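Participant: Next up, start03.cif (mmCIF, C-alpha atoms).
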data_data
loop_
_atom_site.group_PDB
_atom_site.id
_atom_site.type_symbol
_atom_site.label_atom_id
_atom_site.label_comp_id
_atom_site.auth_asym_id
_atom_site.auth_seq_id
_atom_site.Cartn_x
_atom_site.Cartn_y
_atom_site.Cartn_z
ATOM 1 C CA MET A 180 57.469 -107.281 82.622
ATOM 2 C CA THR A 181 59.164 -106.689 85.971
ATOM 3 C CA VAL A 182 57.792 -108.213 89.156
ATOM 4 C CA SER A 183 58.139 -107.729 92.903
ATOM 5 C CA ALA A 184 58.262 -110.955 94.886
ATOM 6 C CA PHE A 185 56.620 -111.299 98.274
ATOM 7 C CA VAL A 186 56.391 -113.912 100.993
ATOM 8 C CA THR A 187 53.708 -114.144 103.656
ATOM 9 C CA VAL A 188 54.349 -115.572 107.105
ATOM 10 C CA ASP A 189 52.385 -116.001 110.307
ATOM 11 C CA VAL A 190 54.310 -114.296 113.106
ATOM 12 C CA PHE A 191 54.445 -115.104 116.831
ATOM 13 C CA SER A 192 53.286 -118.657 116.191
ATOM 14 C CA ASP A 193 54.800 -121.944 115.050
ATOM 15 C CA GLU A 194 51.433 -123.059 113.658
ATOM 16 C CA ARG A 195 50.176 -121.927 110.262
ATOM 17 C CA PHE A 196 47.006 -119.776 110.285
ATOM 18 C CA LYS A 197 47.685 -118.694 113.866
ATOM 19 C CA GLY A 198 49.641 -115.626 114.934
ATOM 20 C CA ASN A 199 49.698 -112.399 112.929
ATOM 21 C CA PRO A 200 49.960 -112.579 109.126
ATOM 22 C CA LEU A 201 52.595 -110.454 107.408
ATOM 23 C CA ALA A 202 53.554 -109.886 103.787
ATOM 24 C CA VAL A 203 57.220 -109.116 103.097
ATOM 25 C CA PHE A 204 58.350 -107.633 99.779
ATOM 26 C CA VAL A 205 61.945 -108.843 99.800
ATOM 27 C CA ASP A 206 63.236 -106.326 97.229
ATOM 28 C CA ALA A 207 61.035 -103.247 96.963
ATOM 29 C CA ARG A 208 63.272 -101.239 94.645
ATOM 30 C CA GLY A 209 61.095 -99.591 92.010
ATOM 31 C CA LEU A 210 58.031 -99.225 94.244
ATOM 32 C CA ASP A 211 57.199 -95.648 95.231
ATOM 33 C CA ASP A 212 55.395 -94.502 98.383
ATOM 34 C CA GLN A 213 51.968 -94.420 96.745
ATOM 35 C CA ARG A 214 52.302 -97.946 95.364
ATOM 36 C CA MET A 215 53.502 -99.290 98.710
ATOM 37 C CA GLN A 216 50.460 -97.806 100.418
ATOM 38 C CA GLN A 217 48.150 -99.211 97.751
ATOM 39 C CA ILE A 218 49.672 -102.663 98.170
ATOM 40 C CA ALA A 219 49.248 -102.490 101.949
ATOM 41 C CA ALA A 220 45.595 -101.528 101.532
ATOM 42 C CA GLU A 221 45.082 -104.378 99.062
ATOM 43 C CA PHE A 222 46.521 -106.977 101.447
ATOM 44 C CA GLY A 223 44.526 -105.632 104.386
ATOM 45 C CA TYR A 224 46.953 -107.063 106.943
ATOM 46 C CA SER A 225 47.670 -104.998 110.048
ATOM 47 C CA GLU A 226 51.102 -104.272 108.521
ATOM 48 C CA ILE A 227 53.268 -105.296 105.603
ATOM 49 C CA THR A 228 56.945 -104.533 104.954
ATOM 50 C CA PHE A 229 59.070 -103.409 102.028
ATOM 51 C CA VAL A 230 62.789 -104.210 102.113
ATOM 52 C CA LEU A 231 65.234 -101.803 100.475
ATOM 53 C CA PRO A 232 69.024 -101.438 100.384
ATOM 54 C CA PRO A 233 70.395 -99.654 103.467
ATOM 55 C CA GLU A 234 71.388 -96.011 103.341
ATOM 56 C CA ASP A 235 74.429 -96.849 105.513
ATOM 57 C CA PRO A 236 76.415 -99.810 104.148
ATOM 58 C CA ALA A 237 77.228 -100.833 107.732
ATOM 59 C CA ASN A 238 73.593 -101.948 108.036
ATOM 60 C CA HIS A 239 71.801 -104.740 106.191
ATOM 61 C CA ALA A 240 68.518 -103.257 104.957
ATOM 62 C CA ARG A 241 66.085 -100.377 105.161
ATOM 63 C CA VAL A 242 62.654 -101.637 106.171
ATOM 64 C CA ARG A 243 59.479 -99.639 105.619
ATOM 65 C CA ILE A 244 56.294 -100.667 107.415
ATOM 66 C CA PHE A 245 52.779 -99.831 106.215
ATOM 67 C CA THR A 246 49.356 -100.387 107.736
ATOM 68 C CA PRO A 247 46.348 -100.335 105.378
ATOM 69 C CA VAL A 248 46.186 -96.536 105.768
ATOM 70 C CA THR A 249 49.630 -95.171 106.722
ATOM 71 C CA GLU A 250 53.341 -95.792 107.205
ATOM 72 C CA VAL A 251 54.500 -96.386 110.790
ATOM 73 C CA PRO A 252 57.983 -95.831 112.273
ATOM 74 C CA PHE A 253 58.305 -99.211 113.978
ATOM 75 C CA ALA A 254 56.308 -102.341 114.764
ATOM 76 C CA GLY A 255 57.088 -105.675 116.371
ATOM 77 C CA HIS A 256 55.606 -108.441 114.242
ATOM 78 C CA PRO A 257 56.774 -106.856 110.949
ATOM 79 C CA ASN A 258 60.372 -106.871 112.190
ATOM 80 C CA VAL A 259 60.276 -110.411 113.541
ATOM 81 C CA GLY A 260 58.577 -111.681 110.367
ATOM 82 C CA THR A 261 60.851 -109.766 108.007
ATOM 83 C CA ALA A 262 63.929 -111.068 109.796
ATOM 84 C CA TYR A 263 62.585 -114.612 109.542
ATOM 85 C CA VAL A 264 61.983 -114.245 105.791
ATOM 86 C CA LEU A 265 65.393 -112.707 105.125
ATOM 87 C CA GLY A 266 67.023 -115.362 107.301
ATOM 88 C CA GLN A 267 65.984 -117.987 104.743
ATOM 89 C CA ARG A 268 68.133 -116.237 102.107
ATOM 90 C CA SER A 269 71.859 -116.717 101.601
ATOM 91 C CA GLU A 270 72.480 -113.050 100.802
ATOM 92 C CA LEU A 271 70.804 -109.673 100.975
ATOM 93 C CA PHE A 272 71.728 -106.907 98.538
ATOM 94 C CA GLY A 273 75.032 -108.619 97.846
ATOM 95 C CA ARG A 274 75.925 -109.313 101.489
ATOM 96 C CA PRO A 275 75.830 -112.711 103.220
ATOM 97 C CA VAL A 276 72.987 -113.133 105.714
ATOM 98 C CA GLY A 277 74.304 -113.995 109.171
ATOM 99 C CA ASP A 278 72.573 -114.473 112.501
ATOM 100 C CA ARG A 279 72.610 -110.751 113.294
ATOM 101 C CA LEU A 280 71.016 -108.052 111.159
ATOM 102 C CA LEU A 281 70.576 -104.293 111.411
ATOM 103 C CA PHE A 282 67.428 -102.708 109.977
ATOM 104 C CA GLU A 283 67.125 -98.986 109.302
ATOM 105 C CA GLU A 284 63.643 -97.729 110.176
ATOM 106 C CA LYS A 285 61.962 -94.401 110.782
ATOM 107 C CA ALA A 286 62.099 -94.963 114.558
ATOM 108 C CA GLY A 287 65.820 -95.749 114.444
ATOM 109 C CA LEU A 288 68.105 -98.733 114.073
ATOM 110 C CA VAL A 289 66.575 -102.117 114.923
ATOM 111 C CA GLU A 290 68.979 -104.848 116.029
ATOM 112 C CA VAL A 291 67.903 -108.364 115.067
ATOM 113 C CA LYS A 292 69.107 -111.795 116.109
ATOM 114 C CA LEU A 293 67.796 -114.810 114.223
ATOM 115 C CA ARG A 294 66.580 -117.807 116.201
ATOM 116 C CA ARG A 295 67.463 -121.292 114.967
ATOM 117 C CA ARG A 296 66.457 -124.831 115.825
ATOM 118 C CA ASN A 297 68.426 -127.745 114.363
ATOM 119 C CA GLY A 298 70.138 -125.309 112.041
ATOM 120 C CA GLN A 299 66.888 -123.878 110.645
ATOM 121 C CA VAL A 300 65.719 -120.306 111.204
ATOM 122 C CA THR A 301 62.524 -120.454 113.275
ATOM 123 C CA GLY A 302 62.015 -116.824 114.252
ATOM 124 C CA ALA A 303 63.819 -113.766 115.526
ATOM 125 C CA ALA A 304 64.454 -111.511 118.496
ATOM 126 C CA ILE A 305 64.561 -107.747 117.998
ATOM 127 C CA ARG A 306 65.696 -104.929 120.240
ATOM 128 C CA ALA A 307 63.284 -102.003 120.426
ATOM 129 C CA PRO A 308 64.862 -98.958 118.775
ATOM 130 C CA ARG A 309 63.942 -96.364 121.418
ATOM 131 C CA PRO A 310 63.948 -96.192 125.217
ATOM 132 C CA LEU A 311 60.639 -96.389 127.048
ATOM 133 C CA GLU A 312 58.578 -93.217 126.910
ATOM 134 C CA VAL A 313 55.660 -92.844 129.313
ATOM 135 C CA ARG A 314 53.471 -90.092 127.958
ATOM 136 C CA GLN A 315 50.092 -88.757 129.019
ATOM 137 C CA SER A 316 47.643 -90.508 131.300
ATOM 138 C CA VAL A 317 44.302 -91.614 129.886
ATOM 139 C CA ALA A 318 41.087 -91.503 131.872
ATOM 140 C CA PRO A 319 39.522 -94.913 132.619
ATOM 141 C CA ASP A 320 36.238 -93.557 131.230
ATOM 142 C CA THR A 321 37.986 -92.871 127.915
ATOM 143 C CA VAL A 322 39.425 -96.382 127.743
ATOM 144 C CA ALA A 323 36.037 -97.878 128.571
ATOM 145 C CA ALA A 324 34.263 -95.851 125.887
ATOM 146 C CA CYS A 325 36.815 -96.785 123.202
ATOM 147 C CA ALA A 326 36.549 -100.483 124.127
ATOM 148 C CA SER A 327 32.742 -100.604 124.601
ATOM 149 C CA LEU A 328 33.198 -101.416 128.279
ATOM 150 C CA SER A 329 32.177 -99.995 131.648
ATOM 151 C CA PRO A 330 34.696 -97.898 133.605
ATOM 152 C CA ARG A 331 34.375 -100.576 136.309
ATOM 153 C CA ASP A 332 36.101 -102.980 133.916
ATOM 154 C CA VAL A 333 39.292 -100.901 133.976
ATOM 155 C CA ARG A 334 41.676 -101.737 136.808
ATOM 156 C CA THR A 335 43.686 -98.868 138.295
ATOM 157 C CA GLU A 336 45.219 -100.292 141.486
ATOM 158 C CA ARG A 337 48.618 -100.927 139.875
ATOM 159 C CA HIS A 338 48.609 -98.068 137.383
ATOM 160 C CA HIS A 339 46.264 -95.750 135.551
ATOM 161 C CA PRO A 340 45.870 -96.146 131.788
ATOM 162 C CA CYS A 341 48.598 -94.257 129.937
ATOM 163 C CA VAL A 342 50.342 -93.892 126.596
ATOM 164 C CA VAL A 343 53.676 -95.737 126.330
ATOM 165 C CA SER A 344 56.152 -96.326 123.529
ATOM 166 C CA VAL A 345 59.428 -98.017 122.619
ATOM 167 C CA GLY A 346 59.146 -96.835 119.011
ATOM 168 C CA LEU A 347 55.390 -96.778 118.413
ATOM 169 C CA ALA A 348 52.880 -95.415 120.923
ATOM 170 C CA PHE A 349 49.917 -97.268 122.438
ATOM 171 C CA ALA A 350 47.395 -96.501 125.130
ATOM 172 C CA VAL A 351 47.677 -99.382 127.611
ATOM 173 C CA ALA A 352 45.185 -100.355 130.297
ATOM 174 C CA GLU A 353 44.730 -103.270 132.676
ATOM 175 C CA LEU A 354 41.269 -104.843 132.881
ATOM 176 C CA VAL A 355 39.754 -106.579 135.872
ATOM 177 C CA ASP A 356 39.500 -110.092 134.399
ATOM 178 C CA LEU A 357 39.374 -112.227 131.251
ATOM 179 C CA GLU A 358 35.603 -111.912 131.058
ATOM 180 C CA ALA A 359 35.932 -108.141 130.644
ATOM 181 C CA LEU A 360 38.737 -108.607 128.115
ATOM 182 C CA GLY A 361 36.514 -110.945 126.108
ATOM 183 C CA ARG A 362 33.701 -108.365 126.005
ATOM 184 C CA ALA A 363 35.892 -105.583 124.623
ATOM 185 C CA ARG A 364 34.935 -104.236 121.187
ATOM 186 C CA ALA A 365 36.442 -101.306 119.322
ATOM 187 C CA ASN A 366 34.312 -98.147 119.235
ATOM 188 C CA ALA A 367 35.627 -96.074 116.330
ATOM 189 C CA ASP A 368 33.409 -93.087 117.131
ATOM 190 C CA ALA A 369 34.818 -92.887 120.656
ATOM 191 C CA VAL A 370 38.355 -93.094 119.274
ATOM 192 C CA ARG A 371 37.628 -90.228 116.884
ATOM 193 C CA GLN A 372 36.337 -88.214 119.826
ATOM 194 C CA VAL A 373 39.607 -88.797 121.692
ATOM 195 C CA LEU A 374 41.596 -87.521 118.728
ATOM 196 C CA ALA A 375 39.313 -84.516 118.360
ATOM 197 C CA ASN A 376 39.993 -83.470 121.951
ATOM 198 C CA GLN A 377 43.712 -84.168 122.389
ATOM 199 C CA VAL A 378 46.871 -84.606 120.357
ATOM 200 C CA MET A 379 48.072 -88.208 120.338
ATOM 201 C CA PRO A 380 51.397 -89.653 119.119
ATOM 202 C CA GLU A 381 51.359 -90.558 115.417
ATOM 203 C CA GLY A 382 47.856 -89.052 115.258
ATOM 204 C CA ASP A 383 46.213 -92.321 116.323
ATOM 205 C CA PHE A 384 44.858 -94.002 119.468
ATOM 206 C CA PRO A 385 45.656 -97.733 119.319
ATOM 207 C CA LEU A 386 44.375 -99.363 122.487
ATOM 208 C CA PHE A 387 46.207 -102.278 124.136
ATOM 209 C CA LEU A 388 44.196 -103.991 126.872
ATOM 210 C CA TYR A 389 45.573 -106.713 129.104
ATOM 211 C CA VAL A 390 44.921 -108.977 132.088
ATOM 212 C CA ARG A 391 47.622 -110.453 134.305
ATOM 213 C CA ASP A 392 47.583 -114.160 135.139
ATOM 214 C CA PRO A 393 46.795 -114.365 138.903
ATOM 215 C CA ALA A 394 49.272 -117.227 139.237
ATOM 216 C CA ASP A 395 52.070 -115.533 137.252
ATOM 217 C CA PRO A 396 52.241 -111.718 137.090
ATOM 218 C CA PHE A 397 54.668 -111.885 134.155
ATOM 219 C CA ARG A 398 52.189 -113.800 131.995
ATOM 220 C CA LEU A 399 49.680 -111.529 130.274
ATOM 221 C CA ARG A 400 46.695 -111.952 127.999
ATOM 222 C CA ALA A 401 46.061 -108.996 125.701
ATOM 223 C CA ARG A 402 43.994 -107.551 122.874
ATOM 224 C CA MET A 403 44.762 -104.580 120.599
ATOM 225 C CA PHE A 404 42.294 -102.385 118.714
ATOM 226 C CA ALA A 405 43.186 -99.749 116.096
ATOM 227 C CA PRO A 406 39.944 -99.113 114.174
ATOM 228 C CA LEU A 407 41.152 -95.904 112.518
ATOM 229 C CA ASP A 408 43.993 -97.893 110.925
ATOM 230 C CA ASN A 409 41.390 -100.304 109.493
ATOM 231 C CA VAL A 410 42.627 -102.833 112.072
ATOM 232 C CA ALA A 411 39.509 -103.814 113.985
ATOM 233 C CA GLU A 412 41.700 -106.104 116.092
ATOM 234 C CA ASP A 413 45.311 -107.227 115.833
ATOM 235 C CA PRO A 414 46.250 -110.871 116.543
ATOM 236 C CA ALA A 415 49.740 -110.035 117.863
ATOM 237 C CA THR A 416 51.331 -106.660 118.581
ATOM 238 C CA GLY A 417 55.004 -106.901 119.438
ATOM 239 C CA SER A 418 55.631 -103.158 119.751
ATOM 240 C CA ALA A 419 52.754 -102.786 122.225
ATOM 241 C CA SER A 420 53.873 -105.869 124.167
ATOM 242 C CA GLY A 421 57.398 -104.462 124.365
ATOM 243 C CA ALA A 422 56.225 -101.046 125.550
ATOM 244 C CA LEU A 423 53.836 -102.510 128.119
ATOM 245 C CA SER A 424 56.428 -104.957 129.472
ATOM 246 C CA ALA A 425 59.002 -102.180 129.767
ATOM 247 C CA PHE A 426 56.468 -100.015 131.595
ATOM 248 C CA LEU A 427 55.479 -102.820 133.973
ATOM 249 C CA SER A 428 59.125 -103.431 134.782
ATOM 250 C CA THR A 429 59.349 -99.852 136.086
ATOM 251 C CA LEU A 430 56.622 -100.693 138.610
ATOM 252 C CA GLU A 431 58.685 -103.515 140.107
ATOM 253 C CA PRO A 432 60.289 -102.413 143.416
ATOM 254 C CA VAL A 433 63.876 -103.349 142.452
ATOM 255 C CA ALA A 434 66.163 -100.924 140.623
ATOM 256 C CA GLU A 435 68.119 -103.638 138.811
ATOM 257 C CA GLY A 436 66.871 -106.872 137.305
ATOM 258 C CA HIS A 437 65.898 -108.977 134.326
ATOM 259 C CA PHE A 438 62.225 -109.630 133.646
ATOM 260 C CA ASP A 439 60.774 -112.154 131.191
ATOM 261 C CA PHE A 440 57.189 -111.544 130.089
ATOM 262 C CA THR A 441 54.944 -113.778 127.981
ATOM 263 C CA VAL A 442 52.073 -112.058 126.185
ATOM 264 C CA GLU A 443 49.279 -114.190 124.738
ATOM 265 C CA GLN A 444 47.171 -112.386 122.165
ATOM 266 C CA GLY A 445 44.729 -113.205 119.375
ATOM 267 C CA VAL A 446 42.980 -115.919 121.390
ATOM 268 C CA GLU A 447 39.543 -114.325 121.008
ATOM 269 C CA MET A 448 40.115 -114.074 117.238
ATOM 270 C CA GLY A 449 41.051 -117.733 116.787
ATOM 271 C CA ARG A 450 44.646 -116.703 115.953
ATOM 272 C CA ALA A 451 46.472 -117.461 119.185
ATOM 273 C CA SER A 452 49.871 -115.780 119.396
ATOM 274 C CA ARG A 453 52.767 -115.938 121.831
ATOM 275 C CA ILE A 454 55.062 -112.937 122.235
ATOM 276 C CA GLU A 455 58.164 -113.160 124.418
ATOM 277 C CA VAL A 456 59.549 -109.939 125.892
ATOM 278 C CA SER A 457 62.735 -109.630 127.951
ATOM 279 C CA VAL A 458 63.417 -106.396 129.805
ATOM 280 C CA GLU A 459 66.747 -105.539 131.389
ATOM 281 C CA LYS A 460 66.317 -102.893 134.077
ATOM 282 C CA ARG A 461 69.177 -100.696 135.242
ATOM 283 C CA GLU A 462 69.052 -97.843 137.738
ATOM 284 C CA GLY A 463 65.275 -98.065 137.833
ATOM 285 C CA ARG A 464 64.768 -97.767 134.069
ATOM 286 C CA PRO A 465 64.431 -100.308 131.236
ATOM 287 C CA HIS A 466 67.800 -100.510 129.517
ATOM 288 C CA ALA A 467 67.033 -103.062 126.797
ATOM 289 C CA VAL A 468 63.695 -104.374 125.543
ATOM 290 C CA ILE A 469 63.892 -107.557 123.449
ATOM 291 C CA ILE A 470 60.792 -108.782 121.582
ATOM 292 C CA ALA A 471 60.930 -112.335 120.232
ATOM 293 C CA GLY A 472 58.836 -115.077 118.688
ATOM 294 C CA ASP A 473 58.536 -117.841 116.125
ATOM 295 C CA CYS A 474 57.229 -117.682 112.559
ATOM 296 C CA VAL A 475 55.858 -120.077 109.967
ATOM 297 C CA PRO A 476 55.731 -119.554 106.164
ATOM 298 C CA VAL A 477 52.379 -119.438 104.353
ATOM 299 C CA PHE A 478 52.370 -118.052 100.769
ATOM 300 C CA GLU A 479 54.774 -116.869 98.085
ATOM 301 C CA GLY A 480 53.835 -114.714 95.120
ATOM 302 C CA VAL A 481 54.663 -111.810 92.842
ATOM 303 C CA LEU A 482 53.184 -108.432 92.081
ATOM 304 C CA SER A 483 53.278 -107.711 88.341
ATOM 305 C CA ARG A 484 53.934 -104.159 87.292
#
Would you mind writing the file out in structure tokens?
Facilitator:
Amino acid sequence: MTVSAFVTVDVFSDERFKGNPLAVFVDARGLDDQRMQQIAAEFGYSEITFVLPPEDPANHARVRIFTPVTEVPFAGHPNVGTAYVLGQRSELFGRPVGDRLLFEEKAGLVEVKLRRRNGQVTGAAIRAPRPLEVRQSVAPDTVAACASLSPRDVRTERHHPCVVSVGLAFAVAELVDLEALGRARANADAVRQVLANQVMPEGDFPLFLYVRDPADPFRLRARMFAPLDNVAEDPATGSASGALSAFLSTLEPVAEGHFDFTVEQGVEMGRASRIEVSVEKREGRPHAVIIAGDCVPVFEGVLSR
């Protein structure tokens, strides 16, 4: 009987049972699309990954990312966690594993740099595969309805809610304070109504809500809801953090600069996460968006087939 081995890790945390759990199938050859989707639904994590040989031998792997209901073109914690898992191996599809990896994904090529401490891989930093896209605005009333809040809870002085992406799109909105953020709850019916009335990227409406620290505008606390993906709430969302940080950098008055954001997420779920995002801004636009964090191993197992 053949088996597919998997490893689970908690991503964007150095403490087990915090952060965002991820399952990584380190050699997914022999698994078809239907089986990958079934496995993702069985795990029930916000995403899991399947690692395959690259189509271009100049790269290291092809990585496919599945939520419980669909495949997505890019996501943050699956890339950081997959890189961490592969960084524990001496070789990958016959090639030595170094500190830099290139992953082929539907959104494009993802550049990865492993992070080490005392010679041990502790996490990874990834470069978002696409430049920042700022898409349609979203009415504060819509955000409030989807998050079970009042429109008064949505802050619009700095920017109106909008859809942003560096590889995967999210509706982002600033809330007035942590108390409002703590009251937020996903309203799946309201999300369905949004999708019935307007076309959204990837056919979904994941909502990323945040509050800025009054003492440090580059320190954020956030929550993410994607009820139509069977993700009532996500403990850590690197792709959303990267897109939001890139967008916020465009609001800074300087045309050139380097901005370091820290995004805390999952606190209300009891799975505190820490996402580090670095944005290099050139000529008024984000040039490079780097999403980074630590990981910790949890389980190892096999899928019999």
Participant: Would you compute the distance between CA of Glu431 in chain A and CA of Asp392 in chain A? Give it in Å to one decimal.
Facilitator: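 Computing it gives 16.2 Å between the two atoms.
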Participant: Carefully work through the PyMOL selection byres ((chain A and resi 219) around 12) for this structure and note down the residues it includes, as a PyMOL selection string.
Facilitator: chain A and resi 201-204+212-218+220-229+243-251+408-409
Participant: Considering all atoms listed in the file, can you say which of A:Leu288, A:Val313, A:Ala434, A:Val276 comes closest to Asp235 in chain A?
Facilitator: A:Leu288
Participant: Considering all atoms listed in the file, state which residue in the set A:Ala323, A:Leu482, A:Val333, A:Ala207 is at the smallest distance from Phe272 in chain A.
Facilitator: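 Checking each candidate against Phe272 in chain A, we get A:Ala207 as the closest.
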Participant: Do you know which residues are at most 8 Å from Ser420 in chain A counting only C-alpha atoms, after dropping those on the same chain fewer than 6 positions away, and could you put them as a ChimeraX atom specification?
Facilitator: /A:442,454,456,470
Participant: Between A:Ala240, A:Cys341, A:Ala184, A:Leu374, single out the one closest to Asn258 in chain A, counting only C-alpha atoms.
Facilitator: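 Result for the nearest residue to Asn258 in chain A: A:Ala240.
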Participant: Only N, CA, C and O atoms, please: range 221-239 of chain A from the block, as a short mmCIF file (atom, residue, chain, number, x, y, z; two decimals), in the first residue's frame.
Facilitator:
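Everything below was put into decode25.cif:
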data_model
loop_
_atom_site.label_atom_id
_atom_site.label_comp_id
_atom_site.auth_asym_id
_atom_site.auth_seq_id
_atom_site.Cartn_x
_atom_site.Cartn_y
_atom_site.Cartn_z
N GLU A 221 -11.33 17.30 4.94
CA GLU A 221 -11.21 16.40 6.11
C GLU A 221 -10.41 17.06 7.23
O GLU A 221 -10.79 16.98 8.41
N PHE A 222 -9.31 17.74 6.88
CA PHE A 222 -8.52 18.42 7.90
C PHE A 222 -9.32 19.58 8.51
O PHE A 222 -9.26 19.81 9.71
N GLY A 223 -9.99 20.34 7.68
CA GLY A 223 -10.76 21.48 8.18
C GLY A 223 -9.93 22.68 8.57
O GLY A 223 -10.46 23.63 9.15
N TYR A 224 -8.63 22.68 8.25
CA TYR A 224 -7.80 23.85 8.50
C TYR A 224 -8.17 24.94 7.49
O TYR A 224 -8.76 24.66 6.44
N SER A 225 -7.77 26.18 7.76
CA SER A 225 -8.07 27.24 6.80
C SER A 225 -7.42 26.97 5.46
O SER A 225 -7.98 27.27 4.40
N GLU A 226 -6.21 26.40 5.45
CA GLU A 226 -5.58 25.91 4.22
C GLU A 226 -4.67 24.74 4.54
O GLU A 226 -4.19 24.61 5.67
N ILE A 227 -4.43 23.91 3.53
CA ILE A 227 -3.36 22.93 3.59
C ILE A 227 -2.64 22.96 2.24
O ILE A 227 -3.16 23.50 1.25
N THR A 228 -1.41 22.41 2.20
CA THR A 228 -0.62 22.48 0.97
C THR A 228 -0.20 21.10 0.50
O THR A 228 -0.02 20.17 1.30
N PHE A 229 0.00 21.01 -0.82
CA PHE A 229 0.47 19.79 -1.47
C PHE A 229 1.69 20.18 -2.30
O PHE A 229 1.61 21.06 -3.15
N VAL A 230 2.81 19.51 -2.05
CA VAL A 230 4.08 19.85 -2.68
C VAL A 230 4.33 18.87 -3.82
O VAL A 230 4.28 17.65 -3.63
N LEU A 231 4.63 19.41 -4.99
CA LEU A 231 4.86 18.63 -6.20
C LEU A 231 6.16 19.06 -6.86
O LEU A 231 6.66 20.17 -6.60
N PRO A 232 6.73 18.24 -7.74
CA PRO A 232 7.92 18.68 -8.46
C PRO A 232 7.62 19.92 -9.29
O PRO A 232 6.50 20.10 -9.78
N PRO A 233 8.60 20.79 -9.48
CA PRO A 233 8.36 22.02 -10.26
C PRO A 233 8.19 21.71 -11.74
O PRO A 233 8.74 20.73 -12.25
N GLU A 234 7.45 22.56 -12.42
CA GLU A 234 7.35 22.44 -13.87
C GLU A 234 8.61 22.96 -14.54
O GLU A 234 9.01 22.48 -15.60
N ASP A 235 9.25 23.99 -13.94
CA ASP A 235 10.51 24.54 -14.42
C ASP A 235 11.62 24.06 -13.49
O ASP A 235 11.59 24.36 -12.29
N PRO A 236 12.60 23.33 -14.00
CA PRO A 236 13.65 22.80 -13.11
C PRO A 236 14.48 23.88 -12.43
O PRO A 236 15.23 23.57 -11.50
N ALA A 237 14.36 25.14 -12.87
CA ALA A 237 15.06 26.22 -12.18
C ALA A 237 14.45 26.51 -10.81
O ALA A 237 15.09 27.15 -9.97
N ASN A 238 13.20 26.06 -10.60
CA ASN A 238 12.53 26.28 -9.33
C ASN A 238 12.60 25.02 -8.47
O ASN A 238 13.08 23.98 -8.92
N HIS A 239 12.13 25.11 -7.23
CA HIS A 239 12.31 24.01 -6.29
C HIS A 239 11.08 23.13 -6.13
O HIS A 239 11.20 21.93 -5.85
#
